[in-house]
file target.tsv (TSV, C-alpha atoms)
chain	number	residue	atom	x	y	z
M	1	MET	CA	-6.69	-28.89	2.26
M	2	ARG	CA	-5.34	-27.02	5.27
M	3	TYR	CA	-4.30	-23.40	4.75
M	4	PRO	CA	-1.81	-21.61	7.02
M	5	ALA	CA	-3.07	-18.51	8.79
M	6	SER	CA	-1.14	-16.20	6.43
M	7	GLU	CA	-2.92	-17.65	3.38
M	8	LYS	CA	-6.32	-17.46	5.10
M	9	LEU	CA	-5.67	-13.78	5.85
M	10	GLU	CA	-4.63	-13.11	2.26
M	11	ILE	CA	-7.80	-14.83	0.98
M	12	ILE	CA	-9.95	-12.72	3.33
M	13	ARG	CA	-8.28	-9.50	2.14
M	14	THR	CA	-8.65	-10.55	-1.49
M	15	VAL	CA	-12.40	-11.12	-1.06
M	16	GLU	CA	-12.85	-7.88	0.91
M	17	GLN	CA	-11.05	-5.80	-1.67
M	18	SER	CA	-12.35	-7.52	-4.82
M	19	HIS	CA	-14.68	-5.56	-7.08
M	20	LEU	CA	-16.46	-8.85	-7.88
M	21	PRO	CA	-19.26	-10.40	-5.73
M	22	ALA	CA	-17.93	-12.55	-2.88
M	23	LYS	CA	-19.43	-15.75	-4.36
M	24	ARG	CA	-17.73	-15.22	-7.71
M	25	THR	CA	-14.40	-14.32	-6.10
M	26	LEU	CA	-14.52	-17.44	-3.91
M	27	ASP	CA	-15.40	-19.60	-6.91
M	28	GLN	CA	-12.33	-18.29	-8.74
M	29	LEU	CA	-10.16	-18.97	-5.67
M	30	GLY	CA	-11.62	-22.46	-5.24
M	31	ILE	CA	-12.74	-21.81	-1.66
M	32	ALA	CA	-16.06	-23.07	-0.34
M	33	ARG	CA	-18.28	-20.29	1.00
M	34	ARG	CA	-18.96	-22.19	4.23
M	35	THR	CA	-15.21	-22.55	4.83
M	36	PHE	CA	-14.53	-18.89	4.04
M	37	TYR	CA	-17.25	-17.52	6.30
M	38	GLY	CA	-16.02	-19.75	9.12
M	39	TRP	CA	-12.60	-18.14	8.77
M	40	TYR	CA	-14.16	-14.69	8.47
M	41	ASP	CA	-16.16	-15.07	11.70
M	42	ARG	CA	-13.01	-16.09	13.56
M	43	TYR	CA	-11.05	-13.21	12.00
M	44	ARG	CA	-13.64	-10.59	12.98
M	45	GLU	CA	-13.83	-11.99	16.48
M	46	GLY	CA	-10.14	-12.42	17.22
M	47	GLY	CA	-8.10	-10.84	14.45
M	48	PRO	CA	-5.39	-12.49	12.29
M	49	GLU	CA	-4.14	-14.67	15.14
M	50	ALA	CA	-7.54	-16.38	15.40
M	51	LEU	CA	-6.96	-17.91	11.96
M	52	GLU	CA	-4.25	-20.20	13.35
M	53	ASP	CA	-5.20	-23.86	13.79
M	54	ARG	CA	-5.75	-24.17	17.52
M	55	PRO	CA	-4.12	-27.00	19.51
M	56	SER	CA	-6.42	-29.29	21.45
M	57	ALA	CA	-4.78	-28.47	24.78
M	58	PRO	CA	-4.37	-24.85	25.93
M	59	SER	CA	-0.82	-23.65	26.53
M	60	ARG	CA	0.44	-21.12	29.00
M	61	VAL	CA	1.05	-17.71	27.44
M	62	TRP	CA	4.51	-16.33	28.18
M	63	ASN	CA	4.73	-13.70	25.46
M	64	ARG	CA	2.00	-11.45	26.85
M	65	ILE	CA	2.65	-7.71	26.64
M	66	GLY	CA	2.57	-5.62	29.80
M	67	ASP	CA	-0.20	-3.24	30.84
M	68	ASP	CA	2.06	-0.23	30.22
M	69	ILE	CA	2.57	-1.31	26.60
M	70	ARG	CA	-1.17	-1.84	26.17
M	71	GLU	CA	-1.86	1.68	27.42
M	72	GLN	CA	0.72	3.14	25.04
M	73	ILE	CA	-0.83	1.28	22.08
M	74	ILE	CA	-4.30	2.58	22.94
M	75	GLU	CA	-2.92	6.10	23.37
M	76	MET	CA	-1.24	5.98	19.95
M	77	ALA	CA	-4.42	4.56	18.37
M	78	LEU	CA	-6.48	7.45	19.75
M	79	GLU	CA	-3.92	10.01	18.55
M	80	GLU	CA	-3.50	8.54	15.04
M	81	THR	CA	-6.96	7.27	14.21
M	82	GLU	CA	-6.23	6.88	10.48
M	83	LEU	CA	-3.75	4.02	11.09
M	84	SER	CA	-4.85	0.42	10.57
M	85	PRO	CA	-3.80	-2.26	13.13
M	86	ARG	CA	-0.95	-3.27	10.78
M	87	GLU	CA	0.30	0.31	10.40
M	88	LEU	CA	-0.11	0.96	14.12
M	89	ALA	CA	1.96	-2.13	15.00
M	90	VAL	CA	4.76	-1.02	12.68
M	91	ARG	CA	4.65	2.61	13.89
M	92	PHE	CA	4.74	1.47	17.53
M	93	THR	CA	7.72	-0.81	16.88
M	94	ASP	CA	9.62	1.96	15.10
M	95	GLU	CA	8.89	4.75	17.58
M	96	LYS	CA	8.78	2.89	20.91
M	97	ARG	CA	11.55	0.36	20.10
M	98	THR	CA	9.30	-2.44	21.35
M	99	PHE	CA	7.89	-5.10	19.02
M	100	VAL	CA	4.15	-5.75	18.92
M	101	SER	CA	2.37	-7.88	16.32
M	102	GLU	CA	-0.55	-6.88	14.11
M	103	ALA	CA	-2.68	-9.58	15.75
M	104	THR	CA	-1.97	-8.19	19.24
M	105	VAL	CA	-2.89	-4.66	18.19
M	106	TYR	CA	-6.04	-5.88	16.45
M	107	ARG	CA	-7.28	-7.77	19.54
M	108	LEU	CA	-6.48	-4.84	21.81
M	109	LEU	CA	-8.27	-2.29	19.62
M	110	LYS	CA	-11.27	-4.58	19.17
M	111	ALA	CA	-11.54	-5.03	22.94
M	112	HIS	CA	-11.73	-1.23	23.26
M	113	ASP	CA	-14.20	-0.92	20.36
M	114	LEU	CA	-11.68	0.95	18.22
M	115	ILE	CA	-11.95	-1.23	15.10
M	116	THR	CA	-14.01	0.10	12.20
M	117	SER	CA	-14.83	-1.68	8.94
M	118	PRO	CA	-13.76	0.46	5.96
M	119	ALA	CA	-15.87	0.73	2.83
M	120	TYR	CA	-13.60	-0.91	0.30
M	121	THR	CA	-13.68	0.62	-3.15
M	122	VAL	CA	-10.30	-0.61	-4.31
M	123	ILE	CA	-9.22	-2.51	-7.39
M	124	LYS	CA	-7.44	-5.77	-6.64
M	125	ALA	CA	-4.79	-6.68	-9.20
M	126	ALA	CA	-5.38	-10.35	-9.97
M	127	GLU	CA	-2.03	-10.88	-11.66
M	128	ALA	CA	1.41	-9.33	-11.32
M	129	PHE	CA	3.33	-7.77	-14.17
M	130	HIS	CA	5.29	-10.50	-15.92
M	131	THR	CA	8.69	-8.74	-15.54
M	132	LYS	CA	9.59	-7.92	-11.95
M	133	THR	CA	11.63	-4.80	-11.30
M	134	THR	CA	14.67	-5.04	-9.04
M	135	ARG	CA	15.70	-1.41	-8.49
M	136	PRO	CA	14.31	2.13	-8.46
M	137	ASN	CA	13.92	3.94	-11.79
M	138	GLU	CA	13.95	0.69	-13.73
M	139	MET	CA	10.34	1.09	-14.81
M	140	TRP	CA	7.78	3.85	-14.26
M	141	GLN	CA	4.02	3.44	-14.42
M	142	THR	CA	1.92	6.37	-15.61
M	143	ASP	CA	-1.79	7.01	-15.99
M	144	PHE	CA	-4.52	9.63	-15.67
M	145	THR	CA	-7.36	9.79	-13.19
M	146	TYR	CA	-10.05	12.44	-12.86
M	147	PHE	CA	-11.66	14.71	-10.27
M	148	LYS	CA	-14.67	17.01	-10.47
M	149	ILE	CA	-14.41	20.58	-9.17
M	150	ILE	CA	-17.80	22.06	-8.38
M	151	GLY	CA	-18.55	24.96	-10.70
M	152	TRP	CA	-15.47	24.29	-12.83
M	153	GLY	CA	-15.82	20.81	-14.31
M	154	TRP	CA	-13.41	17.90	-14.65
M	155	VAL	CA	-9.66	18.01	-14.13
M	156	TYR	CA	-7.19	15.21	-14.73
M	157	LEU	CA	-4.26	14.04	-12.61
M	158	SER	CA	-1.24	12.69	-14.49
M	159	THR	CA	1.10	10.66	-12.27
M	160	VAL	CA	4.45	8.91	-12.66
M	161	LEU	CA	4.95	6.09	-10.13
M	162	ASP	CA	8.14	4.08	-9.66
M	163	ASP	CA	7.25	0.40	-10.17
M	164	PHE	CA	9.86	-0.97	-7.74
M	165	SER	CA	9.10	1.25	-4.74
M	166	ARG	CA	5.62	2.66	-5.55
M	167	TYR	CA	7.12	6.11	-4.90
M	168	ILE	CA	5.24	8.97	-6.56
M	169	ILE	CA	8.03	10.65	-8.50
M	170	ALA	CA	6.00	13.37	-10.23
M	171	TRP	CA	2.42	14.48	-10.80
M	172	LYS	CA	0.56	17.25	-12.58
M	173	LEU	CA	-3.04	18.44	-12.49
M	174	CYS	CA	-4.19	19.01	-16.08
M	175	SER	CA	-7.23	20.38	-17.88
M	176	THR	CA	-6.85	17.80	-20.69
M	177	MET	CA	-5.40	14.32	-21.21
M	178	CYS	CA	-3.14	15.13	-24.17
M	179	ALA	CA	0.27	13.70	-25.01
M	180	SER	CA	1.76	17.07	-24.04
M	181	ASP	CA	0.40	16.58	-20.50
M	182	VAL	CA	2.16	13.20	-20.36
M	183	THR	CA	5.47	14.65	-21.57
M	184	ASP	CA	5.20	17.53	-19.10
M	185	THR	CA	4.79	15.03	-16.25
M	186	LEU	CA	7.71	12.97	-17.56
M	187	ASP	CA	9.86	16.11	-17.63
M	188	LEU	CA	9.09	16.60	-13.94
M	189	ALA	CA	9.86	12.94	-13.20
M	190	LEU	CA	13.18	12.97	-15.07
M	191	GLU	CA	14.22	16.10	-13.19
M	192	ALA	CA	13.06	14.86	-9.77
M	193	SER	CA	14.79	11.49	-10.18
M	194	GLY	CA	17.99	12.95	-11.60
M	195	CYS	CA	17.67	10.81	-14.72
M	196	ASP	CA	17.74	13.90	-16.93
M	197	GLY	CA	21.32	14.76	-16.04
M	198	ALA	CA	22.90	11.57	-14.68
M	199	VAL	CA	24.74	9.21	-17.03
M	200	VAL	CA	22.94	5.88	-16.66
M	201	LEU	CA	23.13	2.64	-18.63
M	202	HIS	CA	19.38	2.39	-19.08
M	203	LYS	CA	16.76	5.12	-18.79
M	204	PRO	CA	13.47	4.09	-17.12
M	205	ARG	CA	10.98	2.06	-19.13
M	206	LEU	CA	7.52	3.59	-19.25
M	207	LEU	CA	4.47	1.39	-18.65
M	208	SER	CA	1.06	2.74	-19.61
M	209	ASP	CA	-2.30	1.70	-20.96
M	210	ASN	CA	-3.45	2.21	-24.55
M	211	GLY	CA	-5.17	5.57	-24.10
M	212	PRO	CA	-4.98	8.11	-26.95
M	213	SER	CA	-2.33	10.20	-25.19
M	214	TYR	CA	-0.06	7.14	-24.79
M	215	ILE	CA	-0.20	5.95	-28.40
M	216	ALA	CA	0.29	9.44	-29.86
M	217	GLY	CA	3.24	10.15	-32.14
M	218	GLU	CA	4.24	13.11	-29.96
M	219	LEU	CA	4.90	10.80	-27.01
M	220	ALA	CA	6.76	8.30	-29.19
M	221	GLU	CA	9.10	11.06	-30.37
M	222	TYR	CA	9.63	12.23	-26.77
M	223	ILE	CA	10.47	8.66	-25.63
M	224	GLU	CA	12.99	8.24	-28.44
M	225	ALA	CA	14.57	11.66	-27.85
M	226	ASN	CA	15.08	10.87	-24.16
M	227	LYS	CA	16.43	7.35	-24.88
M	228	MET	CA	13.65	5.71	-22.93
M	229	SER	CA	11.51	2.72	-23.91
M	230	HIS	CA	7.75	2.27	-23.72
M	231	VAL	CA	5.61	-0.80	-23.03
M	232	ARG	CA	1.82	-0.83	-22.96
M	233	GLY	CA	-0.54	-3.14	-21.13
M	234	THR	CA	-2.93	-5.57	-22.76
M	235	PRO	CA	-6.20	-3.87	-23.77
M	236	PHE	CA	-9.06	-4.35	-21.28
M	237	HIS	CA	-6.65	-5.69	-18.66
M	238	PRO	CA	-6.03	-2.92	-16.09
M	239	GLN	CA	-4.28	-5.34	-13.71
M	240	THR	CA	-1.08	-4.81	-15.76
M	241	GLN	CA	-0.99	-1.27	-14.36
M	242	GLY	CA	-2.24	-2.55	-11.00
M	243	LYS	CA	0.13	-0.49	-8.87
M	244	ILE	CA	-0.90	2.87	-10.27
M	245	GLU	CA	-4.57	1.81	-10.35
M	246	ARG	CA	-4.26	0.93	-6.66
M	247	TRP	CA	-2.62	4.30	-6.02
M	248	HIS	CA	-5.54	6.10	-7.65
M	249	GLN	CA	-8.00	4.32	-5.39
M	250	THR	CA	-5.90	5.03	-2.27
M	251	LEU	CA	-5.72	8.70	-3.22
M	252	LYS	CA	-9.43	9.02	-3.96
M	253	ASN	CA	-10.44	7.24	-0.76
M	254	ARG	CA	-8.86	10.19	1.07
M	255	VAL	CA	-9.16	13.18	-1.24
M	256	LEU	CA	-12.80	12.60	-2.19
M	257	LEU	CA	-13.89	12.90	1.45
M	258	GLU	CA	-14.26	16.63	0.71
M	259	ASN	CA	-15.78	18.78	-2.05
M	260	TYR	CA	-13.63	21.22	-4.01
M	261	PHE	CA	-14.62	24.52	-5.58
M	262	LEU	CA	-11.21	25.74	-6.82
M	263	PRO	CA	-8.39	23.85	-8.58
M	264	GLY	CA	-5.90	25.20	-6.05
M	265	ASP	CA	-7.81	23.61	-3.15
M	266	LEU	CA	-7.71	20.20	-4.82
M	267	GLU	CA	-4.05	20.61	-5.74
M	268	ARG	CA	-3.09	21.36	-2.13
M	269	GLN	CA	-4.95	18.28	-0.88
M	270	ILE	CA	-3.27	16.06	-3.46
M	271	GLU	CA	0.15	17.48	-2.61
M	272	ALA	CA	-0.39	16.90	1.12
M	273	PHE	CA	-1.55	13.33	0.59
M	274	ILE	CA	1.35	12.48	-1.74
M	275	GLU	CA	3.77	13.76	0.92
M	276	HIS	CA	2.05	11.49	3.47
M	277	TYR	CA	1.91	8.53	1.06
M	278	ASN	CA	5.58	8.76	0.06
M	279	HIS	CA	7.11	9.45	3.48
M	280	ARG	CA	4.70	8.37	6.24
M	281	ARG	CA	2.39	5.60	5.01
M	282	TYR	CA	3.70	2.07	5.59
M	283	HIS	CA	3.10	-0.10	2.52
M	284	GLU	CA	2.27	-3.75	3.19
M	285	SER	CA	3.73	-5.00	-0.11
M	286	LEU	CA	7.04	-3.28	0.74
M	287	ASP	CA	7.42	-5.15	4.07
M	288	ASN	CA	5.87	-2.19	5.87
M	289	VAL	CA	8.35	0.49	4.87
M	290	THR	CA	7.34	3.69	3.11
M	291	PRO	CA	7.74	4.14	-0.65
M	292	ALA	CA	10.43	6.75	0.05
M	293	ASP	CA	12.36	4.23	2.16
M	294	ALA	CA	12.29	1.74	-0.73
M	295	TYR	CA	13.07	4.36	-3.39
M	296	PHE	CA	16.04	5.90	-1.56
M	297	GLY	CA	17.53	2.58	-0.42
M	298	ARG	CA	16.71	2.73	3.29
M	299	ALA	CA	14.38	-0.30	3.39
M	300	SER	CA	16.96	-3.00	4.12
M	301	ALA	CA	18.42	-1.17	7.14
M	302	ILE	CA	14.94	-0.43	8.55
M	303	ILE	CA	13.82	-4.06	8.20
M	304	LYS	CA	17.00	-5.34	9.88
M	305	LYS	CA	16.52	-2.87	12.73
M	306	ARG	CA	12.94	-4.08	13.26
M	307	GLU	CA	14.11	-7.70	13.30
M	308	ARG	CA	16.64	-6.80	15.99
M	309	ILE	CA	13.98	-4.99	18.05
M	310	LYS	CA	11.70	-8.01	17.72
M	311	ARG	CA	14.41	-10.43	18.93
M	312	GLU	CA	15.33	-8.18	21.87
M	313	THR	CA	11.66	-7.67	22.84
M	314	ILE	CA	10.87	-11.40	22.76
M	315	GLU	CA	14.02	-12.24	24.71
M	316	HIS	CA	13.09	-9.64	27.34
M	317	ARG	CA	9.58	-11.08	27.68
M	318	ARG	CA	11.00	-14.60	27.95
M	319	LEU	CA	13.34	-13.51	30.76
M	320	GLN	CA	10.49	-11.77	32.58
M	321	HIS	CA	8.40	-14.92	32.29
M	322	ARG	CA	11.18	-17.06	33.72
M	323	LYS	CA	11.61	-14.70	36.67
M	324	LEU	CA	7.89	-14.85	37.47
M	325	ALA	CA	7.85	-18.63	37.12
M	326	ALA	CA	10.91	-19.14	39.38
call {"tool": "encode", "arguments": {"input": "target.tsv", "output": "structure tokens"}}
result
Amino acid sequence: MRYPASEKLEIIRTVEQSHLPAKRTLDQLGIARRTFYGWYDRYREGGPEALEDRPSAPSRVWNRIGDDIREQIIEMALEETELSPRELAVRFTDEKRTFVSEATVYRLLKAHDLITSPAYTVIKAAEAFHTKTTRPNEMWQTDFTYFKIIGWGWVYLSTVLDDFSRYIIAWKLCSTMCASDVTDTLDLALEASGCDGAVVLHKPRLLSDNGPSYIAGELAEYIEANKMSHVRGTPFHPQTQGKIERWHQTLKNRVLLENYFLPGDLERQIEAFIEHYNHRRYHESLDNVTPADAYFGRASAIIKKRERIKRETIEHRRLQHRKLAA
């Protein structure tokens, strides 16, 4: 069976990010190891574009970017070293009004030895939630994660994430994981979203796991009083809350690069990263817009603008090619 390049890339990312051994992941995907490692060698050598099935006869490249664009990409990569090739391609398109693909950026950075292999410690959600959300504030995911403060002990982060946009609506650093901590975070989320005062047909549904704080009577009374509803994931199946689990891993991959000795230090780092995550970090599953763009309804206009820039850039390159060929 022949796979298109997009599916090969998705399989590679699934294996890279899986918490299971590569052999077991490939067995579940039904991909032969020899086939996968052939793709992987090509991907590491030439980026996503190398996964395309190559024609037998070479063709003349007309869509090559100019040297000035290459220099600008390298300059941006050196200034914003935390961006991946995908994020860098999107940022360049938005800021420079010139389209470049992820594959082009990857090849260029690799040629300048600017590609690093991250240590993946993420959880890959194997299955999507059975009911897809279609708008912000339709369903919120909530969960706790933990951090250790040297000399103090463990503290717990309670977060409310919008399922549709992955926007972090509210969060609270707690000393316990009680139902009161959950309701306090929900109070912040209702206020921040405007759902506490606005007249809406349906209040957000709450999706959580089956932890003690989420099955407590106190939370049930709070949900009923605020005219919300509550659904819980299947026990021992964290993929149901895959979006907030993925958020926890993204947060920890950044925040745990440092040690913390005071709760205030950790709180400031979390606040700074949430600001970056909501408003600056392009999310691949959101068509490379930020969670804030999706939450506040800006995503459609941004995507249309990028499509227009892409068409204009390609048309300009085609005209330049015709002039040189004439």
call {"tool": "residues_around", "arguments": {"input": "target.tsv", "residues": "region 263-271 of chain M", "least_positions_apart": "2", "cutoff": "8 Å", "atoms": "all atoms listed in the file", "output": "PyMOL selection string"}}
result
chain M and resi 149+173+251+255+260-261+273-275
call {"tool": "atom_distance", "arguments": {"input": "target.tsv", "atom1": "CA of Glu49 (chain M)", "atom2": "CA of Glu16 (chain M)"}}
result
18.0 Å
call {"tool": "residues_near_point", "arguments": {"input": "target.tsv", "point": "(0.9, -20.3, 12.9)", "cutoff": "7 Å", "atoms": "all atoms listed in the file", "output": "list in words"}}
result
Pro4, Ala5 and Glu52 of chain M
call {"tool": "residues_around", "arguments": {"input": "target.tsv", "residues": "Arg205 (chain M)", "least_positions_apart": "6", "cutoff": "9 Å", "atoms": "all atoms listed in the file", "output": "JSON, numbers by chain"}}
result
{"M": [137, 138, 139, 140, 141, 228, 229, 230, 231]}
call {"tool": "residues_around", "arguments": {"input": "target.tsv", "residues": "region 33-37 of chain M", "least_positions_apart": "6", "cutoff": "8 Å", "atoms": "all atoms listed in the file", "output": "list of chain:residue names"}}
result
M:Ile12, M:Lys23, M:Leu26
call {"tool": "atom_distance", "arguments": {"input": "target.tsv", "atom1": "CA of Cys174 (chain M)", "atom2": "CA of Thr145 (chain M)"}}
result
10.2 Å
call {"tool": "closest_residue", "arguments": {"input": "target.tsv", "among": "M:Arg166, M:Arg246, M:Arg254, M:Arg13", "to": "Tyr40 (chain M)", "atoms": "all atoms listed in the file"}}
result
M:Arg13
call {"tool": "atom_distance", "arguments": {"input": "target.tsv", "atom1": "CA of Leu157 (chain M)", "atom2": "CA of Asp196 (chain M)"}}
result
22.4 Å
call {"tool": "closest_residue", "arguments": {"input": "target.tsv", "among": "M:Gln249, M:Asn259, M:Thr159, M:Thr290", "to": "Asn278 (chain M)", "atoms": "all atoms listed in the file"}}
result
M:Thr290
call {"tool": "closest_atom_pairs", "arguments": {"input": "target.tsv", "of": "region 100-198 of chain M", "to": "region 60-82 of chain M", "cutoff": "8 Å", "atoms": "all atoms listed in the file", "output": "tab-separated table"}}
result
residue	atom	partner	partner_atom	distance
M:Val105	CA	M:Ile73	CA	7.4
M:Leu108	CA	M:Arg70	CA	7.5
M:Leu109	CA	M:Ile74	CA	7.1
call {"tool": "write_last_selection", "arguments": {"input": "target.tsv", "atoms": "C-alpha atoms", "output": "short mmCIF file (atom, residue, chain, number, x, y, z; two decimals), in the coordinates of the input"}}
result
data_model
loop_
_atom_site.label_atom_id
_atom_site.label_comp_id
_atom_site.auth_asym_id
_atom_site.auth_seq_id
_atom_site.Cartn_x
_atom_site.Cartn_y
_atom_site.Cartn_z
CA VAL M 105 -2.89 -4.66 18.19
CA LEU M 108 -6.48 -4.84 21.81
CA LEU M 109 -8.27 -2.29 19.62
#
call {"tool": "residues_around", "arguments": {"input": "target.tsv", "residues": "Arg44 (chain M)", "least_positions_apart": "4", "cutoff": "12 Å", "atoms": "only C-alpha atoms", "output": "PyMOL selection string"}}
result
chain M and resi 9+12+37-40+48-51+103+106-107+109-111+115-117
call {"tool": "residues_around", "arguments": {"input": "target.tsv", "residues": "Glu87 (chain M)", "least_positions_apart": "3", "cutoff": "10 Å", "atoms": "all atoms listed in the file", "output": "PyMOL selection string"}}
result
chain M and resi 82-84+90-93+102+105+281-284+288-289
call {"tool": "build_atoms", "arguments": {"input": "target.tsv", "residues": "region 18-39 of chain M", "atoms": "N, CA and C atoms", "output": "compact mmCIF listing (two decimals), in the frame of the given file"}}
result
# COMPACT_ATOMS: atom_id res chain seq x y z
N SER M 18 -12.00 -7.21 -3.43
CA SER M 18 -12.35 -7.52 -4.82
C SER M 18 -13.55 -6.70 -5.26
N HIS M 19 -13.54 -6.26 -6.52
CA HIS M 19 -14.68 -5.56 -7.08
C HIS M 19 -15.76 -6.53 -7.56
N LEU M 20 -15.48 -7.84 -7.50
CA LEU M 20 -16.46 -8.85 -7.88
C LEU M 20 -17.29 -9.26 -6.66
N PRO M 21 -18.48 -9.86 -6.86
CA PRO M 21 -19.26 -10.40 -5.73
C PRO M 21 -18.45 -11.46 -4.99
N ALA M 22 -18.69 -11.60 -3.70
CA ALA M 22 -17.93 -12.55 -2.88
C ALA M 22 -18.03 -13.97 -3.42
N LYS M 23 -19.24 -14.38 -3.85
CA LYS M 23 -19.43 -15.75 -4.36
C LYS M 23 -18.55 -16.00 -5.58
N ARG M 24 -18.53 -15.04 -6.49
CA ARG M 24 -17.73 -15.22 -7.71
C ARG M 24 -16.24 -15.22 -7.40
N THR M 25 -15.82 -14.36 -6.49
CA THR M 25 -14.40 -14.32 -6.10
C THR M 25 -13.99 -15.65 -5.47
N LEU M 26 -14.84 -16.17 -4.57
CA LEU M 26 -14.52 -17.44 -3.91
C LEU M 26 -14.50 -18.59 -4.90
N ASP M 27 -15.39 -18.56 -5.88
CA ASP M 27 -15.40 -19.60 -6.91
C ASP M 27 -14.09 -19.60 -7.68
N GLN M 28 -13.59 -18.39 -8.00
CA GLN M 28 -12.33 -18.29 -8.74
C GLN M 28 -11.14 -18.75 -7.89
N LEU M 29 -11.24 -18.54 -6.57
CA LEU M 29 -10.16 -18.97 -5.67
C LEU M 29 -10.26 -20.44 -5.30
N GLY M 30 -11.43 -21.06 -5.59
CA GLY M 30 -11.62 -22.46 -5.24
C GLY M 30 -11.85 -22.70 -3.77
N ILE M 31 -12.48 -21.72 -3.09
CA ILE M 31 -12.74 -21.81 -1.66
C ILE M 31 -14.24 -21.94 -1.44
N ALA M 32 -14.64 -22.91 -0.65
CA ALA M 32 -16.06 -23.07 -0.34
C ALA M 32 -16.54 -21.91 0.52
N ARG M 33 -17.77 -21.44 0.25
CA ARG M 33 -18.28 -20.29 1.00
C ARG M 33 -18.40 -20.61 2.49
N ARG M 34 -18.82 -21.82 2.81
CA ARG M 34 -18.96 -22.19 4.23
C ARG M 34 -17.60 -22.13 4.93
N THR M 35 -16.56 -22.60 4.25
CA THR M 35 -15.21 -22.55 4.83
C THR M 35 -14.75 -21.11 5.01
N PHE M 36 -14.97 -20.29 3.97
CA PHE M 36 -14.53 -18.89 4.04
C PHE M 36 -15.22 -18.15 5.17
N TYR M 37 -16.54 -18.29 5.28
CA TYR M 37 -17.25 -17.52 6.30
C TYR M 37 -16.93 -18.02 7.71
N GLY M 38 -16.52 -19.28 7.83
CA GLY M 38 -16.02 -19.75 9.12
C GLY M 38 -14.74 -19.03 9.51
N TRP M 39 -13.83 -18.91 8.52
CA TRP M 39 -12.60 -18.14 8.77
C TRP M 39 -12.93 -16.69 9.09
